[in-house]
Structure formats: C-alpha cells, structure tokens
Amino acid sequence: MGQSLAGRVGMLQLPPLSYEEAIQPEPDLTADEFMFRGGYPHLYDVSTPNDIYFHDNGLLNYLLGIHSAEELLNDPKRGDVFENLIISQTVKRYLNKNKDGELYFYRDTNQSEIDLVDATQRRSPTLIEIKSRMTPRPDFFRHLATVGEELGVPVDRRIVVYRGTENFTGKNGRYVTAERYLGR
C-alpha cells in the first residue's frame, strides 16, 4: 500500500523544513542528501486518509523503499523524486513567505511539456524544466524553447534546474544547479 501511495506524490499537510532552513544546523547537507531525507529530521508516523498526497521527500523515499542517498541516486525513481523535491521546495518557498504561488504543469496539444510554470508574477512567468542528470545537455531546452516562444517568455525566464555543479546561461535559457535553486 505504501508504494501505491508514494506513486501519488502531492501534498501532505505537515510543517516541513525548507532546504534553506534544513541547512542552518547542517551546513554540509547536500541537495542529494536533502533530496533523500526530505525536510523532516525524523519520519513521522501518520494515519492517512484514502486520497492523501505526499509532499515530503523523506516520507516518499521511505514508502518507495529507498534507504540512502546513494541508493536513491541509482534508483529508477530518482528523476521523479528530484522533480518532487524542486516543486515541493518551490511551493514551500511561497508558503514560508505567506504567499500563494501560481504554479502549474504545462502540456500542449503537441505533447510539449514543461515541468513547472511559475506564473506568480503574471506578467513575467518562469518556465522550469527539472532534470536529475549531472551533465547539462542542449536537448533539456527542447520544450522550453518552443513553448517559451509560443507564450512569449523571454530566454532569461527559461530555466533548467539540474543536479550539476555549474550555473550558466546558454542561448536558449539558464542552467541552474539544484543547490542554487534551493537557496544554498
């Protein structure tokens, strides 16, 4: 049952720590370790109704049977867990500022998808693709370029968040490391 619930990642209403808060007492906490552990120092034992969605990566990994950051990095669900981390931290960033973020998933009739559209600033939305790879690749911008052009989103508001180590701007947008995106 736990694995079937973990496949329905979403919101669980517990007060988690954001990455920024979690690294205060642990400055050496990496984004990979945080992606595994989530925002809770310990897993909580909670009773869940039938339609619960999870928002914390530590709980998600527990239910997926992933027991360490090393195991997660070799797991086929790594991309899903990484995407959940970036999206959940974006939600928490707004919640911690007492704001409602306008966050969306985008898919058009051509099946072009954008992992996260942050339309909180309506006149200047940000398109975000989330990639769990360490090495940046030009094809990460495939959908960002076409959708960005269609929606009139400037190149500097098209972002690939990835697990690599370098932040830089390319002709189609910006590559931002997970650690930088998470506020480290």
# chains A, B, ... in the order shown; residues from 1 in each chain; ligands from 1
call {"tool": "select_by_dssp", "arguments": {"residues": "segment 40-162 of chain A", "states": "strand (DSSP E or B)", "output": "PyMOL selection string"}}
result
chain A and resi 103-107+113-118+126-131+158-162
call {"tool": "residues_around", "arguments": {"residues": "Lys77 of chain A", "least_positions_apart": "4", "cutoff": "10 Å", "atoms": "only C-alpha atoms", "output": "PyMOL selection string"}}
result
chain A and resi 7+61+64+66+72-73+81-83
call {"tool": "residues_around", "arguments": {"residues": "segment 160-176 of chain A", "least_positions_apart": "5", "cutoff": "10 Å", "atoms": "only C-alpha atoms", "output": "PDB file with C-alpha atoms, in the first residue's frame"}}
result
ATOM      1  CA  ALA A  31      20.999  18.754  -2.218  1.00  0.00           C
ATOM      2  CA  ASP A  32      21.318  14.996  -2.913  1.00  0.00           C
ATOM      3  CA  PHE A  82      14.163  15.017  -7.803  1.00  0.00           C
ATOM      4  CA  GLU A  83      11.261  16.669  -9.630  1.00  0.00           C
ATOM      5  CA  ILE A  86      12.193  21.014  -6.723  1.00  0.00           C
ATOM      6  CA  ASP A 115       7.608  20.540 -15.526  1.00  0.00           C
ATOM      7  CA  LEU A 127       9.321  28.140 -17.277  1.00  0.00           C
ATOM      8  CA  ILE A 128      11.277  25.464 -15.419  1.00  0.00           C
ATOM      9  CA  GLU A 129      12.419  22.060 -16.641  1.00  0.00           C
ATOM     10  CA  ILE A 130      13.716  19.720 -13.944  1.00  0.00           C
ATOM     11  CA  LYS A 131      16.433  17.211 -14.832  1.00  0.00           C
ATOM     12  CA  SER A 132      18.104  14.816 -12.416  1.00  0.00           C
ATOM     13  CA  ARG A 133      21.228  14.435 -14.541  1.00  0.00           C
ATOM     14  CA  MET A 134      24.575  15.888 -13.514  1.00  0.00           C
ATOM     15  CA  THR A 135      25.599  16.901 -17.035  1.00  0.00           C
ATOM     16  CA  PRO A 136      23.743  19.680 -18.874  1.00  0.00           C
ATOM     17  CA  ARG A 137      22.530  18.830 -22.366  1.00  0.00           C
ATOM     18  CA  PRO A 138      21.139  21.140 -25.059  1.00  0.00           C
ATOM     19  CA  PHE A 140      16.963  19.897 -21.963  1.00  0.00           C
ATOM     20  CA  PHE A 141      15.715  23.120 -23.606  1.00  0.00           C
ATOM     21  CA  ARG A 142      13.754  21.406 -26.385  1.00  0.00           C
ATOM     22  CA  LEU A 144      11.411  25.343 -23.093  1.00  0.00           C
ATOM     23  CA  ALA A 145      12.422  26.911 -26.408  1.00  0.00           C
ATOM     24  CA  THR A 146       9.248  26.063 -28.334  1.00  0.00           C
ATOM     25  CA  GLY A 148       8.699  29.833 -24.439  1.00  0.00           C
ATOM     26  CA  PRO A 154      11.943  35.709 -22.527  1.00  0.00           C
ATOM     27  CA  VAL A 155      15.015  33.457 -22.662  1.00  0.00           C
ATOM     28  CA  TYR A 181      17.754  26.918  -6.911  1.00  0.00           C
ATOM     29  CA  LEU A 182      17.105  25.609  -3.431  1.00  0.00           C
TER      30      LEU A 182
END
call {"tool": "residues_around", "arguments": {"residues": "Asp100 of chain A", "least_positions_apart": "4", "cutoff": "9 Å", "atoms": "only C-alpha atoms", "output": "ChimeraX atom specification"}}
result
/A:91,94-95,120
call {"tool": "decode", "arguments": {"residues": "segment 90-114 of chain A", "atoms": "N, CA and C atoms", "output": "PDB file, in the first residue's frame"}}
result
ATOM      1  N   THR A  90       9.630  24.753  -4.135  1.00  0.00           N
ATOM      2  CA  THR A  90       9.077  25.979  -4.708  1.00  0.00           C
ATOM      3  C   THR A  90       7.782  26.343  -3.991  1.00  0.00           C
ATOM      4  N   VAL A  91       6.936  25.343  -3.758  1.00  0.00           N
ATOM      5  CA  VAL A  91       5.694  25.569  -3.018  1.00  0.00           C
ATOM      6  C   VAL A  91       6.011  26.079  -1.615  1.00  0.00           C
ATOM      7  N   LYS A  92       6.944  25.434  -0.922  1.00  0.00           N
ATOM      8  CA  LYS A  92       7.300  25.838   0.447  1.00  0.00           C
ATOM      9  C   LYS A  92       7.880  27.246   0.495  1.00  0.00           C
ATOM     10  N   ARG A  93       8.638  27.602  -0.539  1.00  0.00           N
ATOM     11  CA  ARG A  93       9.216  28.952  -0.589  1.00  0.00           C
ATOM     12  C   ARG A  93       8.097  29.997  -0.535  1.00  0.00           C
ATOM     13  N   TYR A  94       7.038  29.772  -1.298  1.00  0.00           N
ATOM     14  CA  TYR A  94       5.909  30.713  -1.273  1.00  0.00           C
ATOM     15  C   TYR A  94       5.143  30.623   0.037  1.00  0.00           C
ATOM     16  N   LEU A  95       4.903  29.426   0.521  1.00  0.00           N
ATOM     17  CA  LEU A  95       4.164  29.274   1.776  1.00  0.00           C
ATOM     18  C   LEU A  95       4.897  29.931   2.939  1.00  0.00           C
ATOM     19  N   ASN A  96       6.219  29.791   2.962  1.00  0.00           N
ATOM     20  CA  ASN A  96       7.006  30.394   4.043  1.00  0.00           C
ATOM     21  C   ASN A  96       6.996  31.922   3.986  1.00  0.00           C
ATOM     22  N   LYS A  97       6.661  32.483   2.825  1.00  0.00           N
ATOM     23  CA  LYS A  97       6.525  33.940   2.681  1.00  0.00           C
ATOM     24  C   LYS A  97       5.058  34.358   2.788  1.00  0.00           C
ATOM     25  N   ASN A  98       4.215  33.394   3.143  1.00  0.00           N
ATOM     26  CA  ASN A  98       2.775  33.622   3.275  1.00  0.00           C
ATOM     27  C   ASN A  98       2.153  34.106   1.959  1.00  0.00           C
ATOM     28  N   LYS A  99       2.608  33.505   0.859  1.00  0.00           N
ATOM     29  CA  LYS A  99       2.098  33.841  -0.467  1.00  0.00           C
ATOM     30  C   LYS A  99       1.543  32.578  -1.122  1.00  0.00           C
ATOM     31  N   ASP A 100       0.580  32.791  -1.979  1.00  0.00           N
ATOM     32  CA  ASP A 100       0.078  31.690  -2.807  1.00  0.00           C
ATOM     33  C   ASP A 100       0.810  31.739  -4.135  1.00  0.00           C
ATOM     34  N   GLY A 101       1.594  30.711  -4.390  1.00  0.00           N
ATOM     35  CA  GLY A 101       2.279  30.642  -5.671  1.00  0.00           C
ATOM     36  C   GLY A 101       1.327  30.159  -6.746  1.00  0.00           C
ATOM     37  N   GLU A 102       1.449  30.709  -7.927  1.00  0.00           N
ATOM     38  CA  GLU A 102       0.676  30.254  -9.085  1.00  0.00           C
ATOM     39  C   GLU A 102       1.579  29.295  -9.852  1.00  0.00           C
ATOM     40  N   LEU A 103       1.526  28.028  -9.483  1.00  0.00           N
ATOM     41  CA  LEU A 103       2.424  27.022 -10.042  1.00  0.00           C
ATOM     42  C   LEU A 103       1.626  26.004 -10.839  1.00  0.00           C
ATOM     43  N   TYR A 104       2.119  25.701 -12.038  1.00  0.00           N
ATOM     44  CA  TYR A 104       1.384  24.828 -12.935  1.00  0.00           C
ATOM     45  C   TYR A 104       2.313  23.873 -13.668  1.00  0.00           C
ATOM     46  N   PHE A 105       1.738  22.774 -14.133  1.00  0.00           N
ATOM     47  CA  PHE A 105       2.353  21.875 -15.099  1.00  0.00           C
ATOM     48  C   PHE A 105       1.779  22.273 -16.450  1.00  0.00           C
ATOM     49  N   TYR A 106       2.584  22.222 -17.517  1.00  0.00           N
ATOM     50  CA  TYR A 106       2.117  22.626 -18.831  1.00  0.00           C
ATOM     51  C   TYR A 106       2.262  21.480 -19.821  1.00  0.00           C
ATOM     52  N   ARG A 107       1.208  21.222 -20.577  1.00  0.00           N
ATOM     53  CA  ARG A 107       1.267  20.291 -21.708  1.00  0.00           C
ATOM     54  C   ARG A 107       0.337  20.819 -22.783  1.00  0.00           C
ATOM     55  N   ASP A 108       0.853  20.918 -24.011  1.00  0.00           N
ATOM     56  CA  ASP A 108       0.008  21.414 -25.095  1.00  0.00           C
ATOM     57  C   ASP A 108      -0.452  20.255 -25.979  1.00  0.00           C
ATOM     58  N   THR A 109      -1.163  20.566 -27.041  1.00  0.00           N
ATOM     59  CA  THR A 109      -1.719  19.522 -27.916  1.00  0.00           C
ATOM     60  C   THR A 109      -0.631  18.762 -28.659  1.00  0.00           C
ATOM     61  N   ASN A 110       0.566  19.319 -28.755  1.00  0.00           N
ATOM     62  CA  ASN A 110       1.700  18.625 -29.385  1.00  0.00           C
ATOM     63  C   ASN A 110       2.464  17.762 -28.387  1.00  0.00           C
ATOM     64  N   GLN A 111       1.950  17.674 -27.155  1.00  0.00           N
ATOM     65  CA  GLN A 111       2.581  16.914 -26.073  1.00  0.00           C
ATOM     66  C   GLN A 111       3.893  17.524 -25.591  1.00  0.00           C
ATOM     67  N   SER A 112       4.112  18.802 -25.875  1.00  0.00           N
ATOM     68  CA  SER A 112       5.258  19.506 -25.299  1.00  0.00           C
ATOM     69  C   SER A 112       4.921  19.775 -23.839  1.00  0.00           C
ATOM     70  N   GLU A 113       5.831  19.400 -22.950  1.00  0.00           N
ATOM     71  CA  GLU A 113       5.582  19.543 -21.513  1.00  0.00           C
ATOM     72  C   GLU A 113       6.630  20.426 -20.857  1.00  0.00           C
ATOM     73  N   ILE A 114       6.178  21.181 -19.878  1.00  0.00           N
ATOM     74  CA  ILE A 114       7.063  21.960 -19.014  1.00  0.00           C
ATOM     75  C   ILE A 114       6.763  21.503 -17.591  1.00  0.00           C
TER      76      ILE A 114
END
